[in-house]
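Data first, discussion second: the structure below is written as structure tokens.
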Amino acid sequence: MVLALEKEPLIYIDGELVPKSQAKISVFDHGFLYGDGVFESIMVFNGVAFKLKEHIDRLYDSAKVLCLEIPMSKEEMLKTIIDTVKANGFRDAYIRVLVTRGVGDLGLDPRKCPKPSVIIIVDKIKLFRDEAWTQGVTAIISSVRRDRVDATTHEVKSMNYLNSILAKLEANAVGADEAIMLDDRGFVSEGATDNIFIVKDGVIYTPPRTTGILPGITRSRVMKLAEECGYKVVEKDITPSELLTADEVFLTGTAAGVVPVVKISGRTIGDGKPGPITLELMKRFRQVREDPSEGVKIF
Ligand code: PXG
């Protein structure tokens with residue numbers, strides 16, 4: 001019998017490239033012990049790392065809020081990410097950059113961790129079924145509220161995702177693809193790992209940052225794209241009723257792009273099929289994310 005041996009992805013850990021099966025960090029890393037760290041997810045499409053510089057900026061902003069000093073400059077980070085993708089040779093890939101607080105002792109005081117760790121994973125990811133983009137996905141409005149902006153805010157892309165995981169568990173329990181979370185006032189915030197948009201009477205609405213969302217890089221580019229397509233885009237508080245009675249609903253995120261939502265908590269959205277504006281933005285966004293001028297060309 002001949003076994004097809006696939007080349008293992010190489011993972012960058014603090015200056016070394018290590019095969020995936022041997023890529024390990026200490027159990028005393030506070031990223032593991034306390035979720036104390038930050039991360040970014042970036043996609044490479046046809047050799048272009050979409051909005052890589054914007055992702056690096058957000059990584060450093062997240063680290064700043066956590067008083068986490070990333071042990072390299074933004075320019076060095078850019079080069080290290082590019083070199084790691086090149087070492088793996090994937091023209092289409094998912095990049096996960098993590099900066100953890102590093103190794104400390106037991107006890108959560110970050111001052112016990114002298115050296116943050118930088119980890120870069122280059123691999124593949126699949127967040128939704130293949131039919132998600134043709135048929136749309138289902139969602140629930142979760143009973144789990146988005147963390148407040150003055151708490152473990154998701155404006156910081158931290159290694160603590162329990163708020164989203166609790167919501168995702170509720171979606172899983174009823175067989176829905178995604179969980180939509182409300183903020184502490186009861187207004188729509190975002191999905192567990194994506195931002196949300198609604199369309200009503202030809203106008204596109206999305207919740208503002210004050211609802212506790214991650215200010216998504218896809219969200220921001222899709223807002224601009226919608227304007228380029230001639231639509232009015234308004235950031236405003238959205239009530240659950242407005243969400244359920246929207247003509248169209250879609251999600252945006254790095255790995256998923258633009259994804260139509262066709263059912264929410266048992267209510268059919270529009271006619272139950274991906275709507276025309278969603279489909280137009282989905283198609284246009286696919287072209288945008290492969291455009292070298294929209295990111296950093298690696299190959
Ligand atoms: N909100 C949250 C909470 C997210 O985690 C987004 C919005 C969309 O943001 P971007 O910048 O990606 O448009 C995210 C993104 C994963 C994974 O591994 C998670 C995300 C992206 C890619 C992969 O689960 N979250």
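Residues are referred to by chain and number: the chain letter is A, B, ... according to the order shown in the structure tokens, the number counts from 1 in that chain, and ligands are numbered separately from 1 in the order shown.
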List all protein, DNA and RNA residues that have at least one atom no more than 8 Å from any atom of ligand 1, counting only C-alpha atoms and all ligand atoms, and write them as a PyMOL selection string. chain A and resi 40-42+55+96+125+127+154+157+161+164+190-195+213-220+252-257
For A:Ile140: contacts at 12 Å, only C-alpha atoms, fewer than 6 positions along chain excluded, given as a JSON list (two decimals) with all heavy atoms, in the first residue's frame:
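Output contents, as saved in around_25.json:
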[["chain", "number", "residue", "atom", "x", "y", "z"],
["A", 167, "ALA", "N", -22.34, 31.45, 22.70],
["A", 167, "ALA", "CA", -23.41, 31.71, 21.72],
["A", 167, "ALA", "C", -23.42, 30.62, 20.66],
["A", 167, "ALA", "O", -24.48, 30.11, 20.27],
["A", 167, "ALA", "CB", -23.21, 33.09, 21.09],
["A", 168, "LYS", "N", -22.24, 30.23, 20.19],
["A", 168, "LYS", "CA", -22.13, 29.21, 19.15],
["A", 168, "LYS", "C", -22.69, 27.86, 19.67],
["A", 168, "LYS", "O", -23.32, 27.13, 18.90],
["A", 168, "LYS", "CB", -20.65, 29.09, 18.76],
["A", 168, "LYS", "CG", -20.34, 28.12, 17.67],
["A", 168, "LYS", "CD", -20.71, 28.66, 16.31],
["A", 168, "LYS", "CE", -20.40, 27.65, 15.22],
["A", 168, "LYS", "NZ", -21.08, 27.94, 13.96],
["A", 169, "LEU", "N", -22.48, 27.57, 20.94],
["A", 169, "LEU", "CA", -23.02, 26.33, 21.52],
["A", 169, "LEU", "C", -24.55, 26.30, 21.43],
["A", 169, "LEU", "O", -25.15, 25.27, 21.17],
["A", 169, "LEU", "CB", -22.59, 26.18, 22.99],
["A", 169, "LEU", "CG", -21.11, 25.82, 23.22],
["A", 169, "LEU", "CD1", -20.76, 25.93, 24.69],
["A", 169, "LEU", "CD2", -20.79, 24.44, 22.68],
["A", 170, "GLU", "N", -25.16, 27.47, 21.65],
["A", 170, "GLU", "CA", -26.62, 27.56, 21.53],
["A", 170, "GLU", "C", -27.07, 27.29, 20.10],
["A", 170, "GLU", "O", -28.07, 26.62, 19.87],
["A", 170, "GLU", "CB", -27.11, 28.96, 21.93],
["A", 170, "GLU", "CG", -27.23, 29.15, 23.41],
["A", 170, "GLU", "CD", -28.02, 30.41, 23.75],
["A", 170, "GLU", "OE1", -28.30, 31.24, 22.86],
["A", 170, "GLU", "OE2", -28.36, 30.56, 24.92],
["A", 171, "ALA", "N", -26.31, 27.84, 19.13],
["A", 171, "ALA", "CA", -26.64, 27.61, 17.72],
["A", 171, "ALA", "C", -26.49, 26.12, 17.40],
["A", 171, "ALA", "O", -27.38, 25.52, 16.78],
["A", 171, "ALA", "CB", -25.74, 28.46, 16.82],
["A", 172, "ASN", "N", -25.40, 25.54, 17.84],
["A", 172, "ASN", "CA", -25.15, 24.11, 17.59],
["A", 172, "ASN", "C", -26.29, 23.26, 18.15],
["A", 172, "ASN", "O", -26.73, 22.30, 17.52],
["A", 172, "ASN", "CB", -23.85, 23.66, 18.26],
["A", 172, "ASN", "CG", -22.62, 24.23, 17.58],
["A", 172, "ASN", "OD1", -22.71, 24.85, 16.53],
["A", 172, "ASN", "ND2", -21.46, 24.05, 18.20],
["A", 173, "ALA", "N", -26.78, 23.63, 19.33],
["A", 173, "ALA", "CA", -27.80, 22.82, 20.02],
["A", 173, "ALA", "C", -29.10, 22.73, 19.21],
["A", 173, "ALA", "O", -29.85, 21.76, 19.35],
["A", 173, "ALA", "CB", -28.07, 23.38, 21.41],
["A", 174, "VAL", "N", -29.36, 23.75, 18.38],
["A", 174, "VAL", "CA", -30.59, 23.72, 17.58],
["A", 174, "VAL", "C", -30.30, 23.55, 16.08],
["A", 174, "VAL", "O", -31.17, 23.75, 15.24],
["A", 174, "VAL", "CB", -31.47, 24.98, 17.83],
["A", 174, "VAL", "CG1", -31.98, 25.00, 19.26],
["A", 174, "VAL", "CG2", -30.71, 26.27, 17.50],
["A", 175, "GLY", "N", -29.06, 23.22, 15.77],
["A", 175, "GLY", "CA", -28.70, 22.94, 14.37],
["A", 175, "GLY", "C", -28.64, 24.17, 13.49],
["A", 175, "GLY", "O", -28.78, 24.07, 12.27],
["A", 176, "ALA", "N", -28.43, 25.35, 14.08],
["A", 176, "ALA", "CA", -28.29, 26.57, 13.27],
["A", 176, "ALA", "C", -26.81, 26.79, 12.94],
["A", 176, "ALA", "O", -25.94, 26.35, 13.69],
["A", 176, "ALA", "CB", -28.85, 27.78, 14.02],
["A", 177, "ASP", "N", -26.55, 27.47, 11.83],
["A", 177, "ASP", "CA", -25.15, 27.65, 11.41],
["A", 177, "ASP", "C", -24.43, 28.73, 12.22],
["A", 177, "ASP", "O", -23.24, 28.65, 12.41],
["A", 177, "ASP", "CB", -25.11, 28.07, 9.92],
["A", 177, "ASP", "CG", -25.67, 26.99, 9.02],
["A", 177, "ASP", "OD1", -25.15, 25.86, 9.06],
["A", 177, "ASP", "OD2", -26.65, 27.26, 8.28],
["A", 178, "GLU", "N", -25.15, 29.74, 12.65],
["A", 178, "GLU", "CA", -24.48, 30.85, 13.32],
["A", 178, "GLU", "C", -25.36, 31.43, 14.42],
["A", 178, "GLU", "O", -26.59, 31.29, 14.39],
["A", 178, "GLU", "CB", -24.10, 31.93, 12.29],
["A", 178, "GLU", "CG", -23.36, 33.16, 12.79],
["A", 178, "GLU", "CD", -22.05, 32.88, 13.54],
["A", 178, "GLU", "OE1", -22.04, 32.03, 14.47],
["A", 178, "GLU", "OE2", -21.05, 33.56, 13.24],
["A", 179, "ALA", "N", -24.72, 32.06, 15.40],
["A", 179, "ALA", "CA", -25.43, 32.72, 16.49],
["A", 179, "ALA", "C", -25.27, 34.23, 16.34],
["A", 179, "ALA", "O", -24.15, 34.71, 16.14],
["A", 179, "ALA", "CB", -24.83, 32.29, 17.83],
["A", 180, "ILE", "N", -26.39, 34.93, 16.39],
["A", 180, "ILE", "CA", -26.34, 36.40, 16.36],
["A", 180, "ILE", "C", -26.52, 36.89, 17.80],
["A", 180, "ILE", "O", -27.41, 36.43, 18.52],
["A", 180, "ILE", "CB", -27.45, 36.97, 15.45],
["A", 180, "ILE", "CG1", -27.21, 36.51, 14.00],
["A", 180, "ILE", "CG2", -27.51, 38.50, 15.53],
["A", 180, "ILE", "CD1", -28.40, 36.67, 13.10],
["A", 181, "MET", "N", -25.64, 37.80, 18.19],
["A", 181, "MET", "CA", -25.65, 38.25, 19.58],
["A", 181, "MET", "C", -26.20, 39.67, 19.67],
["A", 181, "MET", "O", -25.97, 40.50, 18.78],
["A", 181, "MET", "CB", -24.23, 38.19, 20.13],
["A", 181, "MET", "CG", -23.63, 36.79, 19.97],
["A", 181, "MET", "SD", -21.93, 36.68, 20.50],
["A", 181, "MET", "CE", -22.18, 36.72, 22.27],
["A", 182, "LEU", "N", -26.94, 39.93, 20.74],
["A", 182, "LEU", "CA", -27.42, 41.29, 21.02],
["A", 182, "LEU", "C", -26.46, 41.94, 22.00],
["A", 182, "LEU", "O", -25.73, 41.24, 22.73],
["A", 182, "LEU", "CB", -28.83, 41.22, 21.64],
["A", 182, "LEU", "CG", -29.88, 40.43, 20.86],
["A", 182, "LEU", "CD1", -31.21, 40.46, 21.59],
["A", 182, "LEU", "CD2", -30.04, 40.98, 19.43],
["A", 188, "VAL", "N", -29.02, 44.60, 18.12],
["A", 188, "VAL", "CA", -28.20, 43.62, 17.40],
["A", 188, "VAL", "C", -26.74, 44.06, 17.42],
["A", 188, "VAL", "O", -26.43, 45.24, 17.20],
["A", 188, "VAL", "CB", -28.71, 43.49, 15.94],
["A", 188, "VAL", "CG1", -27.81, 42.57, 15.13],
["A", 188, "VAL", "CG2", -30.15, 43.00, 15.91],
["A", 190, "GLU", "N", -23.47, 41.44, 16.63],
["A", 190, "GLU", "CA", -22.75, 40.75, 15.55],
["A", 190, "GLU", "C", -22.92, 39.25, 15.71],
["A", 190, "GLU", "O", -23.54, 38.78, 16.67],
["A", 190, "GLU", "CB", -21.26, 41.12, 15.57],
["A", 190, "GLU", "CG", -20.53, 40.70, 16.84],
["A", 190, "GLU", "CD", -19.02, 40.96, 16.81],
["A", 190, "GLU", "OE1", -18.45, 41.15, 15.73],
["A", 190, "GLU", "OE2", -18.43, 40.93, 17.90],
["A", 191, "GLY", "N", -22.38, 38.49, 14.76],
["A", 191, "GLY", "CA", -22.36, 37.04, 14.86],
["A", 191, "GLY", "C", -21.21, 36.61, 15.76],
["A", 191, "GLY", "O", -20.39, 37.44, 16.17],
["A", 192, "ALA", "N", -21.13, 35.31, 16.05],
["A", 192, "ALA", "CA", -20.08, 34.80, 16.94],
["A", 192, "ALA", "C", -18.70, 35.13, 16.37],
["A", 192, "ALA", "O", -17.79, 35.50, 17.12],
["A", 192, "ALA", "CB", -20.24, 33.30, 17.14],
["A", 240, "PRO", "N", -34.01, 43.67, 17.33],
["A", 240, "PRO", "CA", -34.27, 42.30, 16.88],
["A", 240, "PRO", "C", -35.44, 42.25, 15.89],
["A", 240, "PRO", "O", -35.38, 41.49, 14.92],
["A", 240, "PRO", "CB", -34.59, 41.56, 18.18],
["A", 240, "PRO", "CG", -33.86, 42.32, 19.23],
["A", 240, "PRO", "CD", -33.93, 43.77, 18.80],
["A", 243, "LEU", "N", -34.29, 43.22, 12.52],
["A", 243, "LEU", "CA", -33.49, 42.13, 11.94],
["A", 243, "LEU", "C", -34.40, 41.06, 11.33],
["A", 243, "LEU", "O", -34.21, 40.64, 10.18],
["A", 243, "LEU", "CB", -32.62, 41.51, 13.06],
["A", 243, "LEU", "CG", -31.80, 40.28, 12.69],
["A", 243, "LEU", "CD1", -30.67, 40.66, 11.73],
["A", 243, "LEU", "CD2", -31.19, 39.64, 13.95],
["A", 244, "LEU", "N", -35.41, 40.65, 12.08],
["A", 244, "LEU", "CA", -36.29, 39.54, 11.65],
["A", 244, "LEU", "C", -37.17, 39.94, 10.46],
["A", 244, "LEU", "O", -37.61, 39.08, 9.71],
["A", 244, "LEU", "CB", -37.16, 39.07, 12.81],
["A", 244, "LEU", "CG", -36.41, 38.48, 14.01],
["A", 244, "LEU", "CD1", -37.33, 38.25, 15.19],
["A", 244, "LEU", "CD2", -35.71, 37.17, 13.62],
["A", 261, "VAL", "N", -27.84, 35.19, 5.01],
["A", 261, "VAL", "CA", -28.57, 34.53, 6.10],
["A", 261, "VAL", "C", -30.03, 34.44, 5.66],
["A", 261, "VAL", "O", -30.62, 35.47, 5.28],
["A", 261, "VAL", "CB", -28.48, 35.32, 7.42],
["A", 261, "VAL", "CG1", -29.22, 34.60, 8.54],
["A", 261, "VAL", "CG2", -27.03, 35.55, 7.82],
["A", 262, "VAL", "N", -30.63, 33.24, 5.68],
["A", 262, "VAL", "CA", -31.97, 33.09, 5.13],
["A", 262, "VAL", "C", -33.02, 32.72, 6.19],
["A", 262, "VAL", "O", -34.23, 32.74, 5.90],
["A", 262, "VAL", "CB", -31.99, 32.05, 3.98],
["A", 262, "VAL", "CG1", -31.22, 32.58, 2.77],
["A", 262, "VAL", "CG2", -31.43, 30.70, 4.42],
["A", 263, "LYS", "N", -32.57, 32.39, 7.38],
["A", 263, "LYS", "CA", -33.53, 32.09, 8.45],
["A", 263, "LYS", "C", -32.92, 32.49, 9.78],
["A", 263, "LYS", "O", -31.73, 32.21, 10.03],
["A", 263, "LYS", "CB", -33.85, 30.59, 8.44],
["A", 263, "LYS", "CG", -35.07, 30.23, 9.25],
["A", 263, "LYS", "CD", -35.44, 28.78, 9.04],
["A", 263, "LYS", "CE", -36.80, 28.70, 8.41],
["A", 263, "LYS", "NZ", -37.42, 27.40, 8.44],
["A", 264, "ILE", "N", -33.70, 33.16, 10.63],
["A", 264, "ILE", "CA", -33.20, 33.55, 11.96],
["A", 264, "ILE", "C", -34.24, 33.18, 13.00],
["A", 264, "ILE", "O", -35.39, 33.65, 12.95],
["A", 264, "ILE", "CB", -32.89, 35.06, 12.04],
["A", 264, "ILE", "CG1", -31.85, 35.47, 10.98],
["A", 264, "ILE", "CG2", -32.37, 35.42, 13.44],
["A", 264, "ILE", "CD1", -31.55, 36.96, 10.91],
["A", 265, "SER", "N", -33.85, 32.32, 13.94],
["A", 265, "SER", "CA", -34.75, 31.88, 15.02],
["A", 265, "SER", "C", -36.13, 31.50, 14.48],
["A", 265, "SER", "O", -37.16, 31.95, 15.00],
["A", 265, "SER", "CB", -34.86, 32.97, 16.10],
["A", 265, "SER", "OG", -33.61, 33.19, 16.70],
["A", 266, "GLY", "N", -36.14, 30.72, 13.42],
["A", 266, "GLY", "CA", -37.39, 30.19, 12.87],
["A", 266, "GLY", "C", -38.12, 31.13, 11.91],
["A", 266, "GLY", "O", -39.08, 30.72, 11.26],
["A", 267, "ARG", "N", -37.69, 32.39, 11.78],
["A", 267, "ARG", "CA", -38.33, 33.33, 10.84],
["A", 267, "ARG", "C", -37.56, 33.34, 9.53],
["A", 267, "ARG", "O", -36.34, 33.53, 9.53],
["A", 267, "ARG", "CB", -38.34, 34.77, 11.38],
["A", 267, "ARG", "CG", -39.41, 35.05, 12.41],
["A", 267, "ARG", "CD", -39.03, 34.49, 13.75],
["A", 267, "ARG", "NE", -39.63, 35.19, 14.86],
["A", 267, "ARG", "CZ", -39.29, 34.96, 16.11],
["A", 267, "ARG", "NH1", -38.39, 34.04, 16.44],
["A", 267, "ARG", "NH2", -39.86, 35.66, 17.08],
["A", 268, "THR", "N", -38.30, 33.19, 8.44],
["A", 268, "THR", "CA", -37.68, 33.24, 7.11],
["A", 268, "THR", "C", -37.35, 34.69, 6.77],
["A", 268, "THR", "O", -38.19, 35.59, 6.96],
["A", 268, "THR", "CB", -38.66, 32.66, 6.07],
["A", 268, "THR", "OG1", -38.91, 31.30, 6.44],
["A", 268, "THR", "CG2", -38.08, 32.70, 4.67]]
DSSP helix (DSSP H, G or I) residues within stretch 66-167 of chain A, listed as a list of chain:residue names: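 Selection result, helix (DSSP H, G or I) within stretch 66-167 of chain A: A:Lys74, A:Glu75, A:Glu76, A:Met77, A:Leu78, A:Lys79, A:Thr80, A:Ile81, A:Ile82, A:Asp83, A:Thr84, A:Val85, A:Lys86, A:Ala87, A:Asn88, A:Pro110, A:Arg111, A:Lys112, A:Ala132, A:Trp133, A:Thr134, A:Gln135, A:Leu162, A:Asn163, A:Ser164, A:Ile165, A:Leu166, A:Ala167.
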Among the residues of stretch 260-290 of chain A, find those DSSP assigns to strand (DSSP E or B) from the backbone and print them as a PyMOL selection string. chain A and resi 260-264+267-268
Residue subset to file, keeping N, CA and C atoms, as a CSV table (one decimal), in the first residue's frame:
chain,number,residue,atom,x,y,z
A,260,PRO,N,-24.9,35.0,2.9
A,260,PRO,CA,-26.3,35.3,3.1
A,260,PRO,C,-26.9,34.5,4.3
A,261,VAL,N,-27.8,35.2,5.0
A,261,VAL,CA,-28.6,34.5,6.1
A,261,VAL,C,-30.0,34.4,5.7
A,262,VAL,N,-30.6,33.2,5.7
A,262,VAL,CA,-32.0,33.1,5.1
A,262,VAL,C,-33.0,32.7,6.2
A,263,LYS,N,-32.6,32.4,7.4
A,263,LYS,CA,-33.5,32.1,8.4
A,263,LYS,C,-32.9,32.5,9.8
A,264,ILE,N,-33.7,33.2,10.6
A,264,ILE,CA,-33.2,33.5,12.0
A,264,ILE,C,-34.2,33.2,13.0
A,267,ARG,N,-37.7,32.4,11.8
A,267,ARG,CA,-38.3,33.3,10.8
A,267,ARG,C,-37.6,33.3,9.5
A,268,THR,N,-38.3,33.2,8.4
A,268,THR,CA,-37.7,33.2,7.1
A,268,THR,C,-37.4,34.7,6.8
Check the smallest atom-to-atom distance from each of A:Lys20, A:Arg58, A:Lys236, A:Arg129 to A:Phe197 using only C-alpha atoms, then report the winner.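 Closest residue, counting only C-alpha atoms: A:Lys236.
Proximity to A:Ile25 was assessed for A:Thr100, A:Phe187, A:Leu281, A:Leu66 counting only C-alpha atoms; the smallest distance is recorded for A:Thr100.
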May I have the residues within 10 Å of A:Ala23 as a list in words, using only C-alpha atoms and disregarding those fewer than 4 positions away in the same chain? Pro9, Leu10, Ile11, Tyr12, Ile13, Glu16, Leu17, Val18, Pro19, Ile119 and Ile121 of chain A
Which neighbours of A:Gly31 fall inside 8 Å, counting only C-alpha atoms, when residues of the same chain fewer than 4 positions from it are skipped, and could you give them as a PyMOL selection string? chain A and resi 35-37+100-102+159
For the residues selected in the previous step, produce a file with N, CA, C and O atoms as an mmCIF file, in the first residue's frame.
data_model
loop_
_atom_site.group_PDB
_atom_site.id
_atom_site.type_symbol
_atom_site.label_atom_id
_atom_site.label_comp_id
_atom_site.auth_asym_id
_atom_site.auth_seq_id
_atom_site.Cartn_x
_atom_site.Cartn_y
_atom_site.Cartn_z
ATOM 1 N N GLY A 35 -6.051 32.875 28.563
ATOM 2 C CA GLY A 35 -6.551 33.518 27.329
ATOM 3 C C GLY A 35 -5.942 34.894 27.144
ATOM 4 O O GLY A 35 -6.531 35.770 26.505
ATOM 5 N N ASP A 36 -4.749 35.092 27.735
ATOM 6 C CA ASP A 36 -4.115 36.409 27.720
ATOM 7 C C ASP A 36 -3.232 36.538 26.478
ATOM 8 O O ASP A 36 -2.071 36.123 26.471
ATOM 9 N N GLY A 37 -3.808 37.090 25.447
ATOM 10 C CA GLY A 37 -3.079 37.257 24.195
ATOM 11 C C GLY A 37 -4.007 37.825 23.135
ATOM 12 O O GLY A 37 -5.207 38.014 23.391
ATOM 13 N N THR A 100 1.017 35.934 22.347
ATOM 14 C CA THR A 100 0.536 35.559 23.685
ATOM 15 C C THR A 100 1.368 36.293 24.731
ATOM 16 O O THR A 100 2.471 36.768 24.432
ATOM 17 N N ARG A 101 0.849 36.368 25.936
ATOM 18 C CA ARG A 101 1.584 37.052 27.007
ATOM 19 C C ARG A 101 2.908 36.351 27.275
ATOM 20 O O ARG A 101 3.853 36.935 27.766
ATOM 21 N N GLY A 102 2.978 35.068 26.944
ATOM 22 C CA GLY A 102 4.219 34.307 27.127
ATOM 23 C C GLY A 102 4.205 33.517 28.422
ATOM 24 O O GLY A 102 3.208 33.471 29.143
ATOM 25 N N MET A 159 -7.502 36.422 22.745
ATOM 26 C CA MET A 159 -7.574 34.959 22.748
ATOM 27 C C MET A 159 -8.685 34.448 23.676
ATOM 28 O O MET A 159 -8.809 33.249 23.878
#
Residues within 10 Å of A:Asp201, please, as a list in words. Count only C-alpha atoms; anything in the same chain fewer than 6 positions from it doesn't count. Ala246, Asp247 and Glu248 of chain A
Compare A:Lys224, A:Thr211, A:Tyr205, A:Leu33 by their minimum atom-to-atom distance to A:Gly107, counting only C-alpha atoms, and give me the closest one. A:Leu33
Give the answer as one residue: which of A:Gly47, A:Gly89, A:Pro116, A:Gly230 has the shortest atom-to-atom distance to A:Asp14, using only C-alpha atoms?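 Once distances to A:Asp14 are computed over only C-alpha atoms, the minimum belongs to A:Pro116.
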Using only C-alpha atoms, which of the listed residues (A:Tyr34, A:Glu8, A:Lys124, A:Val27) sits closest to A:Leu108?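 Closest residue, counting only C-alpha atoms: A:Tyr34.
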With only C-alpha atoms as the atoms that count, which of A:Val144, A:Ala139, A:Met223, A:Val122 lies nearest to A:Ile269?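 Using only C-alpha atoms, the shortest distance to A:Ile269 belongs to A:Ala139.
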